[in-house]
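Engineer: File name final05.cif; file contents mmCIF, N, CA and C atoms and all ligand atoms; full text below.
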```cif
data_work
#
loop_
_atom_site.label_atom_id
_atom_site.label_comp_id
_atom_site.auth_asym_id
_atom_site.auth_seq_id
_atom_site.Cartn_x
_atom_site.Cartn_y
_atom_site.Cartn_z
N MET K 102 98.98 190.79 101.22
CA MET K 102 99.89 189.64 101.06
C MET K 102 100.46 189.26 102.43
N PRO K 103 100.01 188.14 102.99
CA PRO K 103 100.42 187.81 104.34
C PRO K 103 101.88 187.35 104.43
N ARG K 104 102.33 186.57 103.46
CA ARG K 104 103.67 186.03 103.54
C ARG K 104 104.32 186.15 102.17
N ILE K 105 105.50 186.71 102.16
CA ILE K 105 106.17 186.90 100.88
C ILE K 105 107.20 185.79 100.67
N THR K 106 107.03 185.06 99.60
CA THR K 106 107.91 183.92 99.32
C THR K 106 109.09 184.37 98.45
N GLN K 107 110.04 183.45 98.34
CA GLN K 107 111.19 183.69 97.46
C GLN K 107 110.71 183.93 96.04
N ALA K 108 109.69 183.15 95.65
CA ALA K 108 109.15 183.28 94.29
C ALA K 108 108.56 184.68 94.08
N ASP K 109 107.92 185.20 95.14
CA ASP K 109 107.37 186.56 95.05
C ASP K 109 108.48 187.57 94.84
N LEU K 110 109.57 187.37 95.58
CA LEU K 110 110.70 188.30 95.47
C LEU K 110 111.32 188.22 94.07
N GLN K 111 111.40 186.98 93.57
CA GLN K 111 111.92 186.80 92.21
C GLN K 111 111.06 187.57 91.21
N SER K 112 109.74 187.38 91.34
CA SER K 112 108.81 188.04 90.42
C SER K 112 108.89 189.55 90.60
N TYR K 113 109.09 189.95 91.84
CA TYR K 113 109.21 191.38 92.12
C TYR K 113 110.40 191.96 91.34
N LEU K 114 111.51 191.25 91.39
CA LEU K 114 112.70 191.69 90.66
C LEU K 114 112.44 191.72 89.15
N ASP K 115 111.65 190.78 88.69
CA ASP K 115 111.30 190.72 87.27
C ASP K 115 110.21 191.72 86.90
N GLU K 116 109.66 192.35 87.94
CA GLU K 116 108.51 193.25 87.77
C GLU K 116 107.36 192.53 87.07
N SER K 117 107.16 191.27 87.42
CA SER K 117 106.10 190.51 86.76
C SER K 117 104.92 190.24 87.67
N LEU K 118 104.87 190.93 88.81
CA LEU K 118 103.70 190.79 89.69
C LEU K 118 102.63 191.79 89.25
N PRO K 119 101.36 191.47 89.55
CA PRO K 119 100.31 192.47 89.29
C PRO K 119 100.61 193.72 90.12
N PRO K 120 100.21 194.91 89.64
CA PRO K 120 100.54 196.16 90.32
C PRO K 120 100.26 196.16 91.81
N ALA K 121 99.12 195.60 92.22
CA ALA K 121 98.77 195.60 93.64
C ALA K 121 99.78 194.81 94.46
N GLU K 122 100.25 193.69 93.90
CA GLU K 122 101.22 192.88 94.62
C GLU K 122 102.59 193.52 94.62
N MET K 123 102.93 194.19 93.52
CA MET K 123 104.20 194.92 93.47
C MET K 123 104.23 195.93 94.62
N ALA K 124 103.12 196.63 94.79
CA ALA K 124 103.01 197.64 95.83
C ALA K 124 103.09 197.01 97.21
N ALA K 125 102.45 195.85 97.36
CA ALA K 125 102.45 195.16 98.66
C ALA K 125 103.86 194.72 99.04
N VAL K 126 104.59 194.16 98.06
CA VAL K 126 105.95 193.72 98.33
C VAL K 126 106.81 194.93 98.69
N GLU K 127 106.61 196.00 97.96
CA GLU K 127 107.39 197.21 98.21
C GLU K 127 107.18 197.72 99.63
N ALA K 128 105.91 197.71 100.05
CA ALA K 128 105.57 198.17 101.39
C ALA K 128 106.23 197.29 102.45
N GLU K 129 106.19 195.97 102.22
CA GLU K 129 106.82 195.03 103.15
C GLU K 129 108.32 195.27 103.24
N LEU K 130 108.92 195.50 102.07
CA LEU K 130 110.37 195.68 102.02
C LEU K 130 110.81 196.88 102.86
N ARG K 131 109.96 197.89 102.90
CA ARG K 131 110.32 199.10 103.64
C ARG K 131 110.42 198.85 105.14
N THR K 132 109.60 197.90 105.62
CA THR K 132 109.57 197.68 107.06
C THR K 132 110.32 196.43 107.49
N ARG K 133 110.82 195.66 106.54
CA ARG K 133 111.46 194.39 106.92
C ARG K 133 112.86 194.23 106.32
N PRO K 134 113.85 194.54 107.13
CA PRO K 134 115.23 194.43 106.68
C PRO K 134 115.60 193.00 106.27
N ASP K 135 114.99 191.99 106.93
CA ASP K 135 115.31 190.59 106.60
C ASP K 135 114.90 190.28 105.16
N LEU K 136 113.74 190.84 104.77
CA LEU K 136 113.23 190.62 103.42
C LEU K 136 114.12 191.33 102.40
N LEU K 137 114.54 192.50 102.77
CA LEU K 137 115.44 193.27 101.92
C LEU K 137 116.74 192.50 101.71
N GLY K 138 117.18 191.85 102.78
CA GLY K 138 118.39 191.02 102.70
C GLY K 138 118.20 189.88 101.72
N GLN K 139 117.03 189.25 101.78
CA GLN K 139 116.72 188.14 100.86
C GLN K 139 116.73 188.62 99.41
N LEU K 140 116.15 189.79 99.23
CA LEU K 140 116.06 190.36 97.89
C LEU K 140 117.47 190.65 97.35
N ALA K 141 118.29 191.21 98.22
CA ALA K 141 119.67 191.51 97.83
C ALA K 141 120.41 190.23 97.48
N ALA K 142 120.15 189.17 98.24
CA ALA K 142 120.81 187.88 98.00
C ALA K 142 120.41 187.32 96.64
N ILE K 143 119.11 187.39 96.34
CA ILE K 143 118.63 186.90 95.04
C ILE K 143 119.28 187.71 93.92
N ASN K 144 119.28 189.00 94.11
CA ASN K 144 119.87 189.89 93.11
C ASN K 144 121.36 189.59 92.92
N GLY K 145 122.02 189.34 94.04
CA GLY K 145 123.45 189.03 94.00
C GLY K 145 123.72 187.75 93.24
N ARG K 146 122.88 186.73 93.49
CA ARG K 146 123.05 185.45 92.79
C ARG K 146 122.85 185.64 91.30
N ARG K 147 121.93 186.50 90.96
CA ARG K 147 121.67 186.75 89.54
C ARG K 147 122.87 187.39 88.88
N ASP K 148 123.42 188.37 89.59
CA ASP K 148 124.58 189.05 89.04
C ASP K 148 125.73 188.08 88.86
N ALA K 149 125.81 187.11 89.76
CA ALA K 149 126.90 186.14 89.69
C ALA K 149 126.64 185.11 88.59
N GLY K 150 125.46 185.17 88.01
CA GLY K 150 125.16 184.27 86.91
C GLY K 150 124.70 182.90 87.36
N LEU K 151 124.30 182.78 88.63
CA LEU K 151 123.84 181.48 89.13
C LEU K 151 122.31 181.43 89.03
N HIS K 152 121.84 181.14 87.86
CA HIS K 152 120.40 181.11 87.68
C HIS K 152 119.88 179.69 87.83
N SER K 153 118.83 179.56 88.58
CA SER K 153 118.16 178.26 88.63
C SER K 153 117.33 178.11 87.37
N VAL K 154 116.94 176.88 87.07
CA VAL K 154 116.12 176.64 85.89
C VAL K 154 114.82 177.45 85.99
N GLY K 155 114.25 177.42 87.18
CA GLY K 155 113.00 178.13 87.40
C GLY K 155 113.16 179.62 87.14
N GLU K 156 114.31 180.12 87.55
CA GLU K 156 114.57 181.54 87.38
C GLU K 156 114.71 181.90 85.90
N ILE K 157 115.43 181.07 85.19
CA ILE K 157 115.61 181.30 83.75
C ILE K 157 114.26 181.22 83.06
N TRP K 158 113.49 180.21 83.48
CA TRP K 158 112.16 180.03 82.89
C TRP K 158 111.32 181.27 83.11
N ARG K 159 111.36 181.78 84.35
CA ARG K 159 110.56 182.95 84.67
C ARG K 159 111.06 184.18 83.93
N ARG K 160 112.37 184.29 83.86
CA ARG K 160 112.95 185.47 83.21
C ARG K 160 112.64 185.50 81.74
N GLN K 161 112.81 184.37 81.09
CA GLN K 161 112.61 184.33 79.65
C GLN K 161 111.14 184.11 79.30
N ARG K 162 110.39 183.64 80.28
CA ARG K 162 108.98 183.29 80.05
C ARG K 162 108.88 182.38 78.83
N LEU K 163 109.67 181.30 78.89
CA LEU K 163 109.81 180.41 77.75
C LEU K 163 108.49 179.83 77.27
N SER K 164 107.62 179.52 78.20
CA SER K 164 106.42 178.81 77.79
C SER K 164 105.18 179.70 77.74
N CYS K 165 105.37 181.00 77.90
CA CYS K 165 104.21 181.90 77.91
C CYS K 165 103.60 182.07 76.52
N PRO K 166 102.27 182.00 76.44
CA PRO K 166 101.62 182.35 75.18
C PRO K 166 101.77 183.86 74.94
N SER K 167 101.66 184.28 73.70
CA SER K 167 101.77 185.70 73.38
C SER K 167 100.50 186.42 73.85
N ARG K 168 100.59 187.73 73.93
CA ARG K 168 99.45 188.54 74.33
C ARG K 168 98.30 188.36 73.33
N GLN K 169 98.68 188.21 72.08
CA GLN K 169 97.68 188.01 71.04
C GLN K 169 96.93 186.69 71.26
N GLN K 170 97.70 185.64 71.61
CA GLN K 170 97.06 184.35 71.88
C GLN K 170 96.13 184.44 73.08
N LEU K 171 96.57 185.17 74.10
CA LEU K 171 95.73 185.33 75.29
C LEU K 171 94.44 186.06 74.93
N GLY K 172 94.56 187.05 74.07
CA GLY K 172 93.39 187.80 73.63
C GLY K 172 92.41 186.91 72.87
N SER K 173 92.97 186.08 71.98
CA SER K 173 92.12 185.15 71.22
C SER K 173 91.46 184.15 72.15
N HIS K 174 92.22 183.75 73.18
CA HIS K 174 91.68 182.80 74.16
C HIS K 174 90.47 183.41 74.87
N LEU K 175 90.58 184.65 75.24
CA LEU K 175 89.46 185.35 75.89
C LEU K 175 88.22 185.36 75.01
N LEU K 176 88.45 185.51 73.72
CA LEU K 176 87.33 185.57 72.77
C LEU K 176 86.86 184.18 72.37
N GLY K 177 87.55 183.16 72.89
CA GLY K 177 87.19 181.79 72.55
C GLY K 177 87.50 181.45 71.10
N ALA K 178 88.54 182.09 70.56
CA ALA K 178 88.84 181.94 69.14
C ALA K 178 89.99 180.96 68.87
N LEU K 179 90.49 180.30 69.90
CA LEU K 179 91.60 179.37 69.69
C LEU K 179 91.07 177.95 69.49
N ASP K 180 91.90 177.12 68.81
CA ASP K 180 91.47 175.72 68.69
C ASP K 180 91.68 175.01 70.03
N GLU K 181 91.15 173.81 70.13
CA GLU K 181 91.11 173.09 71.40
C GLU K 181 92.49 172.91 72.04
N GLY K 182 93.45 172.52 71.20
CA GLY K 182 94.80 172.26 71.71
C GLY K 182 95.43 173.51 72.31
N GLN K 183 95.32 174.61 71.60
CA GLN K 183 95.89 175.87 72.09
C GLN K 183 95.19 176.34 73.36
N ALA K 184 93.86 176.23 73.35
CA ALA K 184 93.07 176.65 74.50
C ALA K 184 93.45 175.82 75.73
N ALA K 185 93.62 174.50 75.52
CA ALA K 185 93.97 173.61 76.62
C ALA K 185 95.35 173.97 77.16
N TYR K 186 96.27 174.31 76.27
CA TYR K 186 97.60 174.69 76.72
C TYR K 186 97.56 175.94 77.59
N ILE K 187 96.81 176.92 77.14
CA ILE K 187 96.73 178.18 77.89
C ILE K 187 96.05 177.96 79.24
N GLU K 188 95.00 177.13 79.25
CA GLU K 188 94.34 176.80 80.52
C GLU K 188 95.33 176.15 81.48
N PHE K 189 96.13 175.23 80.96
CA PHE K 189 97.13 174.56 81.77
C PHE K 189 98.14 175.57 82.30
N HIS K 190 98.59 176.42 81.43
CA HIS K 190 99.60 177.42 81.78
C HIS K 190 99.07 178.34 82.89
N LEU K 191 97.81 178.71 82.78
CA LEU K 191 97.22 179.64 83.75
C LEU K 191 96.82 178.94 85.04
N ALA K 192 96.11 177.82 84.89
CA ALA K 192 95.53 177.18 86.07
C ALA K 192 96.55 176.32 86.81
N THR K 193 97.31 175.52 86.10
CA THR K 193 98.23 174.59 86.75
C THR K 193 99.57 175.24 87.07
N ILE K 194 100.14 175.90 86.09
CA ILE K 194 101.41 176.58 86.34
C ILE K 194 101.16 177.86 87.12
N GLY K 195 99.99 178.46 86.88
CA GLY K 195 99.63 179.67 87.63
C GLY K 195 100.55 180.84 87.31
N CYS K 196 100.88 180.97 86.04
CA CYS K 196 101.82 182.03 85.62
C CYS K 196 101.25 183.41 85.96
N ARG K 197 101.94 184.12 86.82
CA ARG K 197 101.45 185.42 87.26
C ARG K 197 101.51 186.42 86.13
N TYR K 198 102.54 186.28 85.32
CA TYR K 198 102.71 187.22 84.22
C TYR K 198 101.50 187.16 83.28
N CYS K 199 101.12 185.92 82.93
CA CYS K 199 99.99 185.75 82.01
C CYS K 199 98.67 186.11 82.67
N HIS K 200 98.56 185.83 83.97
CA HIS K 200 97.34 186.22 84.67
C HIS K 200 97.16 187.73 84.63
N ALA K 201 98.25 188.45 84.85
CA ALA K 201 98.20 189.91 84.83
C ALA K 201 97.86 190.40 83.42
N ASN K 202 98.48 189.75 82.45
CA ASN K 202 98.24 190.10 81.06
C ASN K 202 96.78 189.87 80.68
N LEU K 203 96.27 188.73 81.12
CA LEU K 203 94.90 188.35 80.80
C LEU K 203 93.91 189.31 81.45
N GLU K 204 94.20 189.68 82.68
CA GLU K 204 93.35 190.60 83.42
C GLU K 204 93.28 191.94 82.68
N ASP K 205 94.42 192.37 82.21
CA ASP K 205 94.53 193.62 81.47
C ASP K 205 93.71 193.55 80.17
N LEU K 206 93.85 192.43 79.47
CA LEU K 206 93.12 192.24 78.21
C LEU K 206 91.62 192.20 78.46
N ARG K 207 91.24 191.51 79.54
CA ARG K 207 89.82 191.38 79.87
C ARG K 207 89.22 192.75 80.11
N ARG K 208 89.96 193.59 80.83
CA ARG K 208 89.50 194.94 81.12
C ARG K 208 89.36 195.74 79.83
N GLN K 209 90.33 195.60 78.96
CA GLN K 209 90.29 196.31 77.68
C GLN K 209 89.07 195.89 76.85
N GLN K 210 88.84 194.57 76.81
CA GLN K 210 87.71 194.07 76.03
C GLN K 210 86.40 194.56 76.63
N GLN K 211 86.35 194.61 77.96
CA GLN K 211 85.15 195.08 78.64
C GLN K 211 84.91 196.54 78.29
N GLU K 212 85.97 197.33 78.31
CA GLU K 212 85.87 198.75 77.98
C GLU K 212 85.39 198.93 76.54
N THR K 213 85.94 198.13 75.65
CA THR K 213 85.53 198.21 74.25
C THR K 213 84.06 197.89 74.11
N ALA K 214 83.63 196.83 74.81
CA ALA K 214 82.22 196.42 74.76
C ALA K 214 81.33 197.55 75.29
N ASP K 215 81.75 198.18 76.36
CA ASP K 215 80.97 199.29 76.93
C ASP K 215 80.88 200.45 75.96
N THR K 216 81.99 200.76 75.31
CA THR K 216 82.01 201.86 74.36
C THR K 216 81.05 201.60 73.21
N VAL K 217 81.07 200.37 72.69
CA VAL K 217 80.20 200.01 71.58
C VAL K 217 78.74 200.13 72.02
N LYS K 218 78.46 199.66 73.23
CA LYS K 218 77.08 199.69 73.73
C LYS K 218 76.60 201.14 73.84
N THR K 219 77.45 202.01 74.39
CA THR K 219 77.09 203.41 74.54
C THR K 219 76.85 204.05 73.18
N ARG K 220 77.74 203.74 72.24
CA ARG K 220 77.64 204.32 70.90
C ARG K 220 76.32 203.87 70.26
N ARG K 221 76.02 202.58 70.44
CA ARG K 221 74.82 202.03 69.84
C ARG K 221 73.58 202.70 70.44
N THR K 222 73.58 202.86 71.76
CA THR K 222 72.45 203.50 72.44
C THR K 222 72.27 204.91 71.90
N LYS K 223 73.40 205.63 71.80
CA LYS K 223 73.34 207.01 71.31
C LYS K 223 72.78 207.04 69.89
N TYR K 224 73.23 206.08 69.08
CA TYR K 224 72.81 206.03 67.69
C TYR K 224 71.30 205.84 67.60
N PHE K 225 70.80 204.87 68.41
CA PHE K 225 69.36 204.60 68.36
C PHE K 225 68.56 205.78 68.89
N GLN K 226 69.10 206.42 69.92
CA GLN K 226 68.39 207.58 70.47
C GLN K 226 68.30 208.70 69.44
N SER K 227 69.43 208.95 68.76
CA SER K 227 69.42 210.05 67.79
C SER K 227 68.55 209.69 66.60
N THR K 228 68.53 208.42 66.21
CA THR K 228 67.69 207.97 65.09
C THR K 228 66.22 208.14 65.47
N ALA K 229 65.89 207.71 66.69
CA ALA K 229 64.51 207.83 67.17
C ALA K 229 64.10 209.30 67.19
N GLY K 230 65.01 210.14 67.67
CA GLY K 230 64.75 211.58 67.75
C GLY K 230 64.52 212.15 66.37
N HIS K 231 65.34 211.68 65.43
CA HIS K 231 65.27 212.15 64.06
C HIS K 231 63.91 211.79 63.43
N LEU K 232 63.49 210.54 63.68
CA LEU K 232 62.22 210.07 63.13
C LEU K 232 61.05 210.86 63.71
N ARG K 233 61.16 211.10 65.03
CA ARG K 233 60.08 211.85 65.68
C ARG K 233 59.96 213.25 65.09
N SER K 234 61.13 213.90 64.86
CA SER K 234 61.10 215.27 64.40
C SER K 234 60.58 215.38 62.96
N LYS K 235 60.66 214.26 62.23
CA LYS K 235 60.20 214.28 60.83
C LYS K 235 58.68 214.24 60.73
N ARG K 236 58.09 213.63 61.78
CA ARG K 236 56.64 213.50 61.74
C ARG K 236 55.92 214.81 61.90
ZN ZN K 301 102.91 182.81 81.33
#
```
Any chance you could put this one into structure tokens?
Ligand SMILES: [Zn+2]
Structural biologist:
Amino acid sequence: MPRITQADLQSYLDESLPPAEMAAVEAELRTRPDLLGQLAAINGRRDAGLHSVGEIWRRQRLSCPSRQQLGSHLLGALDEGQAAYIEFHLATIGCRYCHANLEDLRRQQQETADTVKTRRTKYFQSTAGHLRSKR
């Protein structure tokens, strides 16, 4: 991460960055007192109750689709309107929280697919073995 923005720091406080970026911000914070100062300032404003609309939006994630909807979107199981909304949310708004969520779901689905494939291969191998031994 070459440059850390205020938005990054906000997301960092919300713990809504992908793990790699959380780690990158943390590493930067250790070596940059100015950044730490910015973070403290944001945190201070929050404590004082001075939330910007963007901050409230990010905190509450008002417009985020549910994890279930994201999962259905990955499977292509949503209707056009819902799919278009999620695409807009991800591509245009670029919601980091949902991107991270989607990435996680994608990995899970991939793992499930791999498990099924392995199981199927094993099943066919054992069936083939069984048939051979009967002859
Ligand atoms: Zn979102």
Engineer: Please, what distance in Å, to one decimal, runs between atom N of Leu136 (chain K) and atom C of Thr106 (chain K)?
Structural biologist: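 About the pair atom N of Leu136 (chain K) and atom C of Thr106 (chain K): they are 10.2 Å apart.
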Engineer: What do you get as a list of chain:residue names if you pick all residues at most 7 Å from ligand ZN 301 (chain K), counting only C-alpha atoms and all ligand atoms?
Structural biologist: K:Arg162, K:Ser164, K:Cys165, K:Pro166, K:His190, K:Leu191, K:Cys196, K:Arg197, K:Tyr198, K:Cys199
Engineer: Please identify the helix (DSSP H, G or I) residues within region 156-210 of chain K (assignment by DSSP from backbone atoms) and present them as a PyMOL selection string.
Structural biologist: chain K and resi 156-161+168-175+181-193+197-210
Engineer: Which is closer to Gln210 (chain K) than all the others in K:Ile194, K:Ala121, K:Leu171, K:Leu114, using only C-alpha atoms?
Structural biologist: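 Under the stated criterion, the closest residue is K:Leu171.
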Engineer: Contacts of region 122-132 of chain K at 8 Å or less, counting all atoms listed in the file, minus same-chain residues fewer than 3 places along, as a list of chain:residue names?
Structural biologist: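 Non-adjacent residues within range: K:Met102, K:Ile105, K:Asp109, K:Leu110, K:Ser112, K:Tyr113, K:Glu116, K:Ser117, K:Leu118, K:Pro119, K:Asp135, K:Leu136, K:Leu137, K:Gly138.
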Engineer: I'd like the interatomic distance between atom N of Leu179 (chain K) and atom C of Ser167 (chain K), to a tenth of an Å.
Structural biologist: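 Spanning atom N of Leu179 (chain K) to atom C of Ser167 (chain K) is a straight-line distance of 12.4 Å.
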Engineer: What separation in Å, quoted to one decimal, exists between atom N of Pro120 (chain K) and atom C of His200 (chain K)?
Structural biologist: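 Value for the atom N of Pro120 (chain K)-atom C of His200 (chain K) distance: 9.3 Å.
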